[in-house]
>>> print(open('entry-v4.cif').read())   # mmCIF, C-alpha atoms and all ligand atoms
data_input
#
loop_
_atom_site.label_atom_id
_atom_site.label_comp_id
_atom_site.auth_asym_id
_atom_site.auth_seq_id
_atom_site.Cartn_x
_atom_site.Cartn_y
_atom_site.Cartn_z
CA MET O 1 -24.86 5.98 -12.99
CA PHE O 2 -21.91 4.87 -10.86
CA VAL O 3 -20.97 7.65 -8.48
CA SER O 4 -17.46 7.27 -7.13
CA LYS O 5 -16.84 7.83 -3.47
CA PRO O 6 -13.41 8.78 -2.13
CA ILE O 7 -12.34 7.00 1.02
CA VAL O 8 -9.01 8.85 1.28
CA VAL O 9 -8.50 12.46 0.26
CA VAL O 10 -5.04 14.06 0.40
CA GLU O 11 -5.05 17.82 0.05
CA GLN O 12 -1.96 19.93 -0.60
CA LEU O 13 0.28 17.80 1.59
CA THR O 14 3.71 19.27 2.17
CA TYR O 15 6.46 17.78 4.31
CA GLN O 16 9.60 19.63 5.18
CA ILE O 17 12.36 18.71 7.59
CA GLY O 18 13.83 21.65 9.50
CA SER O 19 15.13 24.38 7.26
CA HIS O 20 15.72 21.94 4.39
CA ALA O 21 16.08 23.93 1.18
CA SER O 22 13.09 22.38 -0.51
CA PRO O 23 10.23 20.30 0.92
CA LEU O 24 10.59 16.52 0.59
CA LEU O 25 6.88 16.39 -0.33
CA ASP O 26 5.37 19.39 -2.01
CA GLY O 27 1.69 20.14 -2.64
CA ILE O 28 0.56 16.52 -2.98
CA SER O 29 -3.16 16.09 -3.73
CA PHE O 30 -4.99 12.94 -4.76
CA ARG O 31 -7.92 10.80 -3.73
CA LEU O 32 -8.48 7.08 -3.46
CA GLU O 33 -11.94 5.85 -4.41
CA GLU O 34 -13.46 3.21 -2.17
CA ALA O 35 -12.56 -0.34 -3.31
CA SER O 36 -10.18 1.00 -5.96
CA PHE O 37 -6.69 -0.23 -6.86
CA THR O 38 -4.24 2.64 -7.30
CA VAL O 39 -0.66 2.26 -8.47
CA LEU O 40 1.96 4.79 -7.36
CA CYS O 41 5.33 4.94 -9.09
CA GLY O 42 8.30 7.25 -9.43
CA ALA O 43 12.10 7.19 -9.47
CA ASN O 44 14.07 6.25 -6.34
CA GLY O 45 14.07 9.00 -3.76
CA CYS O 46 11.09 10.90 -5.18
CA GLY O 47 9.18 10.61 -1.89
CA LYS O 48 6.89 7.59 -2.31
CA SER O 49 7.72 5.98 1.04
CA LEU O 50 7.53 9.32 2.85
CA LEU O 51 4.09 9.89 1.38
CA LEU O 52 2.83 6.44 2.41
CA ARG O 53 3.97 7.04 5.99
CA HIS O 54 1.68 10.07 6.15
CA LEU O 55 -1.39 8.04 5.25
CA ASN O 56 -1.62 6.24 8.58
CA GLY O 57 -0.05 8.99 10.62
CA LEU O 58 3.48 7.65 11.04
CA LEU O 59 4.49 11.10 9.80
CA ARG O 60 2.61 14.34 10.22
CA PRO O 61 2.48 16.78 7.30
CA THR O 62 4.08 20.20 7.69
CA SER O 63 0.98 21.56 5.95
CA GLY O 64 -2.00 20.13 4.14
CA ASN O 65 -4.51 17.52 5.27
CA ILE O 66 -5.50 13.91 4.84
CA TYR O 67 -9.11 12.82 5.23
CA LEU O 68 -10.43 9.32 5.77
CA HIS O 69 -14.17 8.98 5.17
CA GLY O 70 -14.32 12.78 5.22
CA ARG O 71 -12.66 13.17 8.61
CA ASN O 72 -9.15 14.46 9.23
CA ILE O 73 -7.02 11.40 10.04
CA TRP O 74 -5.53 13.18 13.07
CA ASP O 75 -8.95 13.63 14.70
CA ASP O 76 -8.71 9.99 15.78
CA ILE O 77 -5.29 8.70 14.88
CA TRP O 78 -5.78 5.30 16.56
CA ASP O 79 -8.85 4.65 14.47
CA THR O 80 -6.89 5.80 11.40
CA ARG O 81 -4.08 3.37 12.16
CA GLN O 82 -6.57 0.51 12.31
CA GLN O 83 -8.35 1.50 9.13
CA VAL O 84 -5.27 2.31 7.07
CA GLY O 85 -2.79 -0.56 7.09
CA LEU O 86 0.75 -0.10 5.85
CA VAL O 87 2.79 -3.05 4.60
CA PHE O 88 6.44 -2.02 4.59
CA GLN O 89 8.83 -2.68 1.76
CA ASP O 90 10.73 -5.03 4.02
CA PRO O 91 7.97 -6.65 6.10
CA GLU O 92 10.53 -8.00 8.55
CA TRP O 93 10.46 -4.56 10.14
CA GLN O 94 6.86 -5.11 11.17
CA LEU O 95 6.84 -8.80 12.09
CA ILE O 96 7.12 -8.94 15.86
CA GLY O 97 5.62 -12.21 17.05
CA GLU O 98 7.65 -15.38 17.24
CA THR O 99 5.16 -17.45 15.30
CA VAL O 100 2.89 -16.30 12.51
CA ARG O 101 -0.19 -16.71 14.70
CA GLU O 102 1.35 -14.61 17.48
CA ASP O 103 2.41 -12.01 14.98
CA ILE O 104 -0.97 -11.62 13.33
CA GLY O 105 -2.65 -11.49 16.74
CA PHE O 106 -0.20 -9.03 18.27
CA GLY O 107 -2.27 -5.88 17.76
CA LEU O 108 -5.45 -7.57 18.99
CA GLU O 109 -3.67 -8.87 22.08
CA ASN O 110 -2.47 -5.35 22.87
CA MET O 111 -6.08 -4.21 22.66
CA GLY O 112 -7.06 -6.83 25.22
CA VAL O 113 -9.00 -9.04 22.80
CA SER O 114 -9.51 -12.52 24.28
CA MET O 115 -7.55 -15.46 22.91
CA ASP O 116 -10.70 -17.17 21.56
CA MET O 117 -11.76 -14.03 19.73
CA ARG O 118 -8.20 -13.49 18.47
CA ASN O 119 -8.01 -17.01 17.09
CA GLU O 120 -11.35 -16.61 15.38
CA LYS O 121 -10.30 -13.38 13.66
CA ILE O 122 -6.86 -14.77 12.77
CA SER O 123 -8.47 -17.85 11.16
CA LEU O 124 -10.82 -15.75 9.07
CA ILE O 125 -8.02 -13.59 7.71
CA ALA O 126 -5.68 -16.54 7.22
CA GLN O 127 -8.37 -18.29 5.18
CA GLN O 128 -8.92 -15.17 3.09
CA LEU O 129 -5.20 -14.94 2.34
CA GLN O 130 -4.76 -18.73 2.06
CA ILE O 131 -2.06 -18.87 4.74
CA MET O 132 -3.72 -21.24 7.23
CA HIS O 133 -0.79 -23.63 6.77
CA LEU O 134 1.64 -20.95 7.96
CA LEU O 135 -0.01 -20.06 11.27
CA ASP O 136 2.20 -22.22 13.49
CA ARG O 137 5.44 -21.50 11.65
CA TYR O 138 8.23 -19.36 13.06
CA GLN O 139 9.00 -16.12 11.28
CA TYR O 140 12.44 -17.32 10.18
CA GLN O 141 10.78 -20.21 8.34
CA LEU O 142 8.93 -17.89 5.97
CA SER O 143 9.81 -16.94 2.41
CA GLY O 144 9.73 -13.31 1.25
CA GLY O 145 6.29 -13.69 -0.29
CA GLU O 146 4.94 -15.38 2.84
CA LYS O 147 6.29 -12.53 5.00
CA HIS O 148 4.37 -10.03 2.90
CA LEU O 149 1.17 -12.04 3.33
CA VAL O 150 1.69 -12.29 7.09
CA ALA O 151 2.28 -8.53 7.34
CA LEU O 152 -0.85 -8.02 5.25
CA ALA O 153 -2.80 -10.32 7.57
CA GLY O 154 -1.57 -8.28 10.54
CA VAL O 155 -3.12 -5.10 9.20
CA LEU O 156 -6.32 -6.77 7.96
CA VAL O 157 -6.99 -8.42 11.30
CA MET O 158 -7.07 -4.95 12.86
CA GLY O 159 -9.80 -3.99 10.43
CA ALA O 160 -7.88 -2.19 7.69
CA LYS O 161 -10.17 -0.89 4.95
CA VAL O 162 -7.30 0.76 3.10
CA VAL O 163 -4.15 -1.25 2.48
CA VAL O 164 -0.98 0.51 1.42
CA LEU O 165 1.93 -1.58 0.13
CA ASP O 166 5.41 -0.18 -0.45
CA GLU O 167 7.14 -1.96 -3.35
CA PRO O 168 5.85 -5.38 -2.30
CA PHE O 169 7.05 -7.20 -5.42
CA ASN O 170 10.69 -6.13 -5.23
CA ALA O 171 12.09 -9.26 -3.69
CA LEU O 172 9.41 -11.66 -4.91
CA ASP O 173 9.69 -14.24 -7.65
CA PHE O 174 7.08 -14.78 -10.34
CA HIS O 175 4.90 -17.17 -8.36
CA ALA O 176 5.01 -15.11 -5.13
CA THR O 177 4.16 -11.97 -7.10
CA GLN O 178 1.19 -13.66 -8.75
CA ASN O 179 -0.03 -15.01 -5.43
CA LEU O 180 0.16 -11.66 -3.62
CA LEU O 181 -1.51 -9.89 -6.54
CA LEU O 182 -4.34 -12.44 -6.61
CA ARG O 183 -4.95 -12.09 -2.88
CA LEU O 184 -5.04 -8.28 -3.19
CA LEU O 185 -7.52 -8.44 -6.06
CA GLU O 186 -9.72 -10.80 -4.02
CA LEU O 187 -9.68 -8.37 -1.09
CA GLN O 188 -10.67 -5.56 -3.41
CA GLU O 189 -13.46 -7.58 -4.97
CA GLN O 190 -14.80 -9.46 -1.94
CA GLN O 191 -14.12 -7.08 0.97
CA GLN O 192 -14.18 -3.78 -0.95
CA THR O 193 -10.67 -3.10 0.35
CA THR O 194 -9.05 0.01 -1.10
CA ILE O 195 -5.52 -0.67 -2.31
CA LEU O 196 -2.60 1.67 -2.93
CA LEU O 197 0.48 -0.10 -4.22
CA VAL O 198 3.93 1.23 -5.05
CA THR O 199 5.81 -0.51 -7.82
CA HIS O 200 8.24 0.27 -10.62
CA ASP O 201 7.04 -2.65 -12.67
CA LEU O 202 3.90 -1.38 -14.31
CA GLU O 203 3.62 -4.48 -16.46
CA LYS O 204 2.87 -6.54 -13.34
CA VAL O 205 -0.25 -4.59 -12.41
CA LEU O 206 -1.41 -2.16 -15.04
CA ALA O 207 -4.37 -4.26 -16.13
CA HIS O 208 -5.82 -4.06 -12.61
CA THR O 209 -5.82 -0.32 -12.07
CA ASN O 210 -7.57 2.66 -13.53
CA HIS O 211 -5.69 5.12 -11.36
CA LEU O 212 -1.99 5.63 -11.85
CA ILE O 213 -0.03 8.26 -9.92
CA VAL O 214 3.50 9.23 -10.95
CA MET O 215 5.69 11.16 -8.51
CA SER O 216 8.80 13.13 -9.27
CA LYS O 217 10.99 15.08 -6.84
CA GLY O 218 8.42 15.22 -4.05
CA GLN O 219 5.54 16.22 -6.28
CA ILE O 220 2.84 14.47 -8.24
CA ALA O 221 3.95 14.69 -11.83
CA LEU O 222 1.06 12.84 -13.45
CA GLN O 223 -2.12 11.10 -12.45
CA GLY O 224 -4.98 9.58 -14.38
CA THR O 225 -5.90 6.37 -16.10
CA PRO O 226 -3.02 4.35 -17.58
CA GLU O 227 -4.37 5.13 -21.05
CA GLN O 228 -4.17 8.85 -20.32
CA ILE O 229 -0.72 9.07 -18.83
CA LEU O 230 1.29 6.08 -20.00
CA PRO O 231 2.66 7.95 -23.02
CA GLN O 232 4.33 10.43 -20.65
CA VAL O 233 5.72 8.23 -17.88
CA ALA O 234 9.13 7.51 -19.42
CA GLN O 235 10.37 11.06 -18.78
CA PHE O 236 9.95 10.41 -15.03
CA GLY O 237 12.25 7.41 -14.98
CA ILE O 238 9.52 4.76 -15.22
CA LYS O 239 10.05 1.82 -17.52
CA VAL O 240 7.29 1.86 -20.09
CA PRO O 241 5.81 -1.58 -20.67
CA THR O 242 6.16 -2.72 -24.26
CA LEU O 243 2.70 -2.17 -25.61
CA ASN O 244 3.42 -2.75 -29.29
CA ALA O 245 1.77 -6.08 -29.72
CA ARG O 246 -0.25 -6.04 -26.52
CA LYS O 247 -3.31 -4.38 -25.11
CA MET O 248 -3.44 -2.64 -21.74
CA ASN O 249 -5.65 -5.44 -20.43
CA ASP O 250 -2.82 -7.89 -20.99
CA LEU O 251 -0.46 -6.02 -18.72
CA SER O 252 -0.53 -8.26 -15.71
CA TRP O 253 1.60 -11.04 -14.36
CA LEU O 254 -1.64 -12.97 -13.96
CA THR O 255 -2.11 -13.47 -17.68
N1 LIG O 301 14.11 11.15 7.81
C1 LIG O 301 14.58 11.77 6.71
N2 LIG O 301 15.31 12.87 6.82
C2 LIG O 301 15.77 13.52 5.72
N3 LIG O 301 15.54 13.12 4.48
C3 LIG O 301 14.81 12.03 4.30
C4 LIG O 301 14.28 11.29 5.40
N4 LIG O 301 13.59 10.22 4.93
C5 LIG O 301 13.69 10.31 3.58
N5 LIG O 301 14.41 11.39 3.22
C6 LIG O 301 14.70 11.82 1.84
O1 LIG O 301 13.46 12.04 1.21
C7 LIG O 301 13.53 11.65 -0.13
C8 LIG O 301 12.40 10.69 -0.45
O2 LIG O 301 12.63 9.45 0.20
P1 LIG O 301 11.67 8.21 0.01
O3 LIG O 301 10.29 8.60 0.33
O4 LIG O 301 12.25 7.10 0.80
O5 LIG O 301 11.80 7.91 -1.56
P2 LIG O 301 11.22 6.71 -2.41
O6 LIG O 301 10.43 5.83 -1.51
O7 LIG O 301 10.40 7.35 -3.48
O8 LIG O 301 12.40 6.00 -3.01
C9 LIG O 301 14.89 11.06 -0.36
O9 LIG O 301 15.69 12.05 -0.95
C10 LIG O 301 15.38 10.74 1.02
O10 LIG O 301 16.76 10.83 1.11
MG MG O 302 10.64 3.89 -0.99
#
>>> encode(input="entry-v4.cif", output="structure tokens")
Amino acid sequence: MFVSKPIVVVEQLTYQIGSHASPLLDGISFRLEEASFTVLCGANGCGKSLLLRHLNGLLRPTSGNIYLHGRNIWDDIWDTRQQVGLVFQDPEWQLIGETVREDIGFGLENMGVSMDMRNEKISLIAQQLQIMHLLDRYQYQLSGGEKHLVALAGVLVMGAKVVVLDEPFNALDFHATQNLLLRLLELQEQQQTTILLVTHDLEKVLAHTNHLIVMSKGQIALQGTPEQILPQVAQFGIKVPTLNARKMNDLSWLT
């Protein structure tokens, strides 16, 4: 029998700023199975981005804990930040290098990794993501989809086992969405990467997940398989994909 193994466990996470009347995140608990693909959705302002920033320690919970491989992420936050990679909604915020190669290698350079070793690692990741042709481009020469892939490469090159993406498809066209989705599914399949992705557009991804989390007002409103919770998502401001003539397995922009 397949025994699932959580790589990330979030327990009763609460986040409150000052004497704010109510916590911005309130009693959040969920787990991510290793090599799983989880979709997180919820209306604007419900706390999705705040939650993601806790997962690699950009924010510290007011109470509650996050475990990575069974260890509190704050026990070794630098290791956590390498293992849990966050791709921001607007990846321009995290692209620092002038060229793509410099950008992807930035974290390794800071760690004192030699140029030869950096180039080797950069090539491997660029091949995996099919962006070899972008390595010598300048950042301003990249499209939105390419920027997401470069930001993704930047976290993978540091050794990310968990990749967290905040609304990556928002500014992407059909082709760029398909391409990013394909690369993520390859990572999951070939590298056993664990993926947590925020999107409003369930129809783009639903076929690829068996774990859907719906947030509302700083709390988890629903979580389970799409089959279990899809009938209830509309009340939380999520557009329900039209399922009438289609099966759940068809709900993907890859089909
Ligand atoms: N630094 C902050 N200080 C105070 N409130 C914040 C801060 N960051 C976010 N918020 C508030 O927390 C709520 C959740 O924000 P966010 O996580 O960005 O929502 P989402 O990503 O789901 O759209 C929003 O009401 C937002 O205004
Ligand atoms: Mg957000």
>>> residues_around(input="entry-v4.cif", residues="Lys239 of chain O", least_positions_apart="6", cutoff="10 Å", atoms="all atoms listed in the file", output="PyMOL selection string")
chain O and resi 42-43+200-203+233
>>> residues_around(input="entry-v4.cif", residues="segment 64-70 of chain O", least_positions_apart="2", cutoff="6 Å", atoms="only C-alpha atoms", output="list in words")
Ile7, Val8, Val9, Val10, Glu11, Gln12, Leu13, Asn72 and Ile73 of chain O
>>> atom_distance(input="entry-v4.cif", atom1="atom CA of Ile195 of chain O", atom2="atom MG of ligand MG 302 (chain O)")
16.8 Å
>>> atom_distance(input="entry-v4.cif", atom1="atom CA of Gly85 of chain O", atom2="atom CA of Ala153 of chain O")
9.8 Å
>>> residues_near_point(input="entry-v4.cif", point="(-18.8, -3.1, -4.3)", cutoff="12 Å", atoms="all atoms listed in the file", output="count of residues only")
17
>>> closest_residue(input="entry-v4.cif", among="O:Leu95, O:Ala176, O:Leu50, O:Val240", to="ligand LIG 301 (chain O)", atoms="only C-alpha atoms and all ligand atoms")
O:Leu50
>>> closest_atom_pairs(input="entry-v4.cif", of="chain O", to="ligand MG 302 (chain O)", cutoff="8 Å", atoms="all atoms listed in the file", output="CSV")
residue,atom,partner,partner_atom,distance
O:Asn44,CA,O:MG302,MG,6.8
O:Gly45,CA,O:MG302,MG,6.7
O:Gly47,CA,O:MG302,MG,6.9
O:Lys48,CA,O:MG302,MG,5.4
O:Ser49,CA,O:MG302,MG,4.1
O:Leu50,CA,O:MG302,MG,7.3
O:Gln89,CA,O:MG302,MG,7.3
O:Asp166,CA,O:MG302,MG,6.6
O:Glu167,CA,O:MG302,MG,7.2
>>> residues_near_ligand(input="entry-v4.cif", ligand="ligand LIG 301 (chain O)", cutoff="12 Å", atoms="all atoms listed in the file", output="PyMOL selection string")
chain O and resi 15-26+40-54+58-59+88-89+165-167+197-200+214-220+236-237
>>> write_last_selection(input="entry-v4.cif", atoms="C-alpha atoms", output="PDB file, in the frame of the given file")
ATOM      1  CA  TYR O  15       6.460  17.780   4.310  1.00  0.00           C
ATOM      2  CA  GLN O  16       9.600  19.630   5.180  1.00  0.00           C
ATOM      3  CA  ILE O  17      12.360  18.710   7.590  1.00  0.00           C
ATOM      4  CA  GLY O  18      13.830  21.650   9.500  1.00  0.00           C
ATOM      5  CA  SER O  19      15.130  24.380   7.260  1.00  0.00           C
ATOM      6  CA  HIS O  20      15.720  21.940   4.390  1.00  0.00           C
ATOM      7  CA  ALA O  21      16.080  23.930   1.180  1.00  0.00           C
ATOM      8  CA  SER O  22      13.090  22.380  -0.510  1.00  0.00           C
ATOM      9  CA  PRO O  23      10.230  20.300   0.920  1.00  0.00           C
ATOM     10  CA  LEU O  24      10.590  16.520   0.590  1.00  0.00           C
ATOM     11  CA  LEU O  25       6.880  16.390  -0.330  1.00  0.00           C
ATOM     12  CA  ASP O  26       5.370  19.390  -2.010  1.00  0.00           C
ATOM     13  CA  LEU O  40       1.960   4.790  -7.360  1.00  0.00           C
ATOM     14  CA  CYS O  41       5.330   4.940  -9.090  1.00  0.00           C
ATOM     15  CA  GLY O  42       8.300   7.250  -9.430  1.00  0.00           C
ATOM     16  CA  ALA O  43      12.100   7.190  -9.470  1.00  0.00           C
ATOM     17  CA  ASN O  44      14.070   6.250  -6.340  1.00  0.00           C
ATOM     18  CA  GLY O  45      14.070   9.000  -3.760  1.00  0.00           C
ATOM     19  CA  CYS O  46      11.090  10.900  -5.180  1.00  0.00           C
ATOM     20  CA  GLY O  47       9.180  10.610  -1.890  1.00  0.00           C
ATOM     21  CA  LYS O  48       6.890   7.590  -2.310  1.00  0.00           C
ATOM     22  CA  SER O  49       7.720   5.980   1.040  1.00  0.00           C
ATOM     23  CA  LEU O  50       7.530   9.320   2.850  1.00  0.00           C
ATOM     24  CA  LEU O  51       4.090   9.890   1.380  1.00  0.00           C
ATOM     25  CA  LEU O  52       2.830   6.440   2.410  1.00  0.00           C
ATOM     26  CA  ARG O  53       3.970   7.040   5.990  1.00  0.00           C
ATOM     27  CA  HIS O  54       1.680  10.070   6.150  1.00  0.00           C
ATOM     28  CA  LEU O  58       3.480   7.650  11.040  1.00  0.00           C
ATOM     29  CA  LEU O  59       4.490  11.100   9.800  1.00  0.00           C
ATOM     30  CA  PHE O  88       6.440  -2.020   4.590  1.00  0.00           C
ATOM     31  CA  GLN O  89       8.830  -2.680   1.760  1.00  0.00           C
ATOM     32  CA  LEU O 165       1.930  -1.580   0.130  1.00  0.00           C
ATOM     33  CA  ASP O 166       5.410  -0.180  -0.450  1.00  0.00           C
ATOM     34  CA  GLU O 167       7.140  -1.960  -3.350  1.00  0.00           C
ATOM     35  CA  LEU O 197       0.480  -0.100  -4.220  1.00  0.00           C
ATOM     36  CA  VAL O 198       3.930   1.230  -5.050  1.00  0.00           C
ATOM     37  CA  THR O 199       5.810  -0.510  -7.820  1.00  0.00           C
ATOM     38  CA  HIS O 200       8.240   0.270 -10.620  1.00  0.00           C
ATOM     39  CA  VAL O 214       3.500   9.230 -10.950  1.00  0.00           C
ATOM     40  CA  MET O 215       5.690  11.160  -8.510  1.00  0.00           C
ATOM     41  CA  SER O 216       8.800  13.130  -9.270  1.00  0.00           C
ATOM     42  CA  LYS O 217      10.990  15.080  -6.840  1.00  0.00           C
ATOM     43  CA  GLY O 218       8.420  15.220  -4.050  1.00  0.00           C
ATOM     44  CA  GLN O 219       5.540  16.220  -6.280  1.00  0.00           C
ATOM     45  CA  ILE O 220       2.840  14.470  -8.240  1.00  0.00           C
ATOM     46  CA  PHE O 236       9.950  10.410 -15.030  1.00  0.00           C
ATOM     47  CA  GLY O 237      12.250   7.410 -14.980  1.00  0.00           C
TER      48      GLY O 237
END
>>> atom_distance(input="entry-v4.cif", atom1="atom CA of Leu32 of chain O", atom2="atom CA of Pro6 of chain O")
5.4 Å
>>> closest_residue(input="entry-v4.cif", among="O:Ala221, O:Gln232, O:Arg71, O:His148", to="Asn170 of chain O", atoms="all atoms listed in the file")
O:His148
>>> closest_residue(input="entry-v4.cif", among="O:Met158, O:Gly224, O:Val39, O:Leu230", to="Val113 of chain O", atoms="only C-alpha atoms")
O:Met158
>>> closest_residue(input="entry-v4.cif", among="O:His211, O:Arg137, O:Lys161, O:Arg81", to="Asn56 of chain O", atoms="only C-alpha atoms")
O:Arg81
>>> closest_residue(input="entry-v4.cif", among="O:Leu180, O:Ala126, O:Val87, O:Ile77", to="Leu196 of chain O", atoms="only C-alpha atoms")
O:Val87
>>> residues_around(input="entry-v4.cif", residues="Ile125 of chain O", least_positions_apart="6", cutoff="12 Å", atoms="all atoms listed in the file", output="NGL selection string")
:O and (101 or 104-105 or 118-119 or 131-132 or 135 or 149-160 or 183 or 187 or 191)
>>> decode(input="entry-v4.cif", residues="segment 157-171 of chain O", atoms="N, CA and C atoms", output="short mmCIF file (atom, residue, chain, number, x, y, z; two decimals), in the first residue's frame")
data_model
loop_
_atom_site.label_atom_id
_atom_site.label_comp_id
_atom_site.auth_asym_id
_atom_site.auth_seq_id
_atom_site.Cartn_x
_atom_site.Cartn_y
_atom_site.Cartn_z
N VAL O 157 18.13 25.89 -8.34
CA VAL O 157 19.58 25.75 -8.35
C VAL O 157 20.13 25.73 -6.92
N MET O 158 19.38 26.31 -6.00
CA MET O 158 19.78 26.29 -4.59
C MET O 158 19.39 24.99 -3.90
N GLY O 159 18.68 24.15 -4.64
CA GLY O 159 18.33 22.85 -4.08
C GLY O 159 16.92 22.74 -3.55
N ALA O 160 16.03 23.61 -4.03
CA ALA O 160 14.65 23.58 -3.51
C ALA O 160 13.98 22.23 -3.77
N LYS O 161 13.43 21.66 -2.72
CA LYS O 161 12.65 20.42 -2.83
C LYS O 161 11.15 20.72 -2.83
N VAL O 162 10.83 21.89 -2.28
CA VAL O 162 9.45 22.37 -2.25
C VAL O 162 9.43 23.69 -3.01
N VAL O 163 8.56 23.79 -4.00
CA VAL O 163 8.46 25.03 -4.76
C VAL O 163 7.07 25.61 -4.57
N VAL O 164 7.04 26.88 -4.19
CA VAL O 164 5.79 27.55 -3.87
C VAL O 164 5.63 28.70 -4.86
N LEU O 165 4.53 28.71 -5.59
CA LEU O 165 4.35 29.73 -6.63
C LEU O 165 3.07 30.53 -6.37
N ASP O 166 3.23 31.86 -6.30
CA ASP O 166 2.11 32.73 -5.96
C ASP O 166 1.48 33.29 -7.24
N GLU O 167 0.33 32.77 -7.59
CA GLU O 167 -0.42 33.20 -8.78
C GLU O 167 0.47 33.35 -10.01
N PRO O 168 1.17 32.28 -10.39
CA PRO O 168 2.12 32.40 -11.50
C PRO O 168 1.46 32.63 -12.85
N PHE O 169 0.21 32.23 -13.01
CA PHE O 169 -0.40 32.30 -14.34
C PHE O 169 -1.06 33.64 -14.64
N ASN O 170 -1.10 34.51 -13.62
CA ASN O 170 -1.90 35.74 -13.77
C ASN O 170 -1.61 36.54 -15.02
N ALA O 171 -0.32 36.75 -15.29
CA ALA O 171 0.00 37.61 -16.42
C ALA O 171 0.45 36.80 -17.64
#
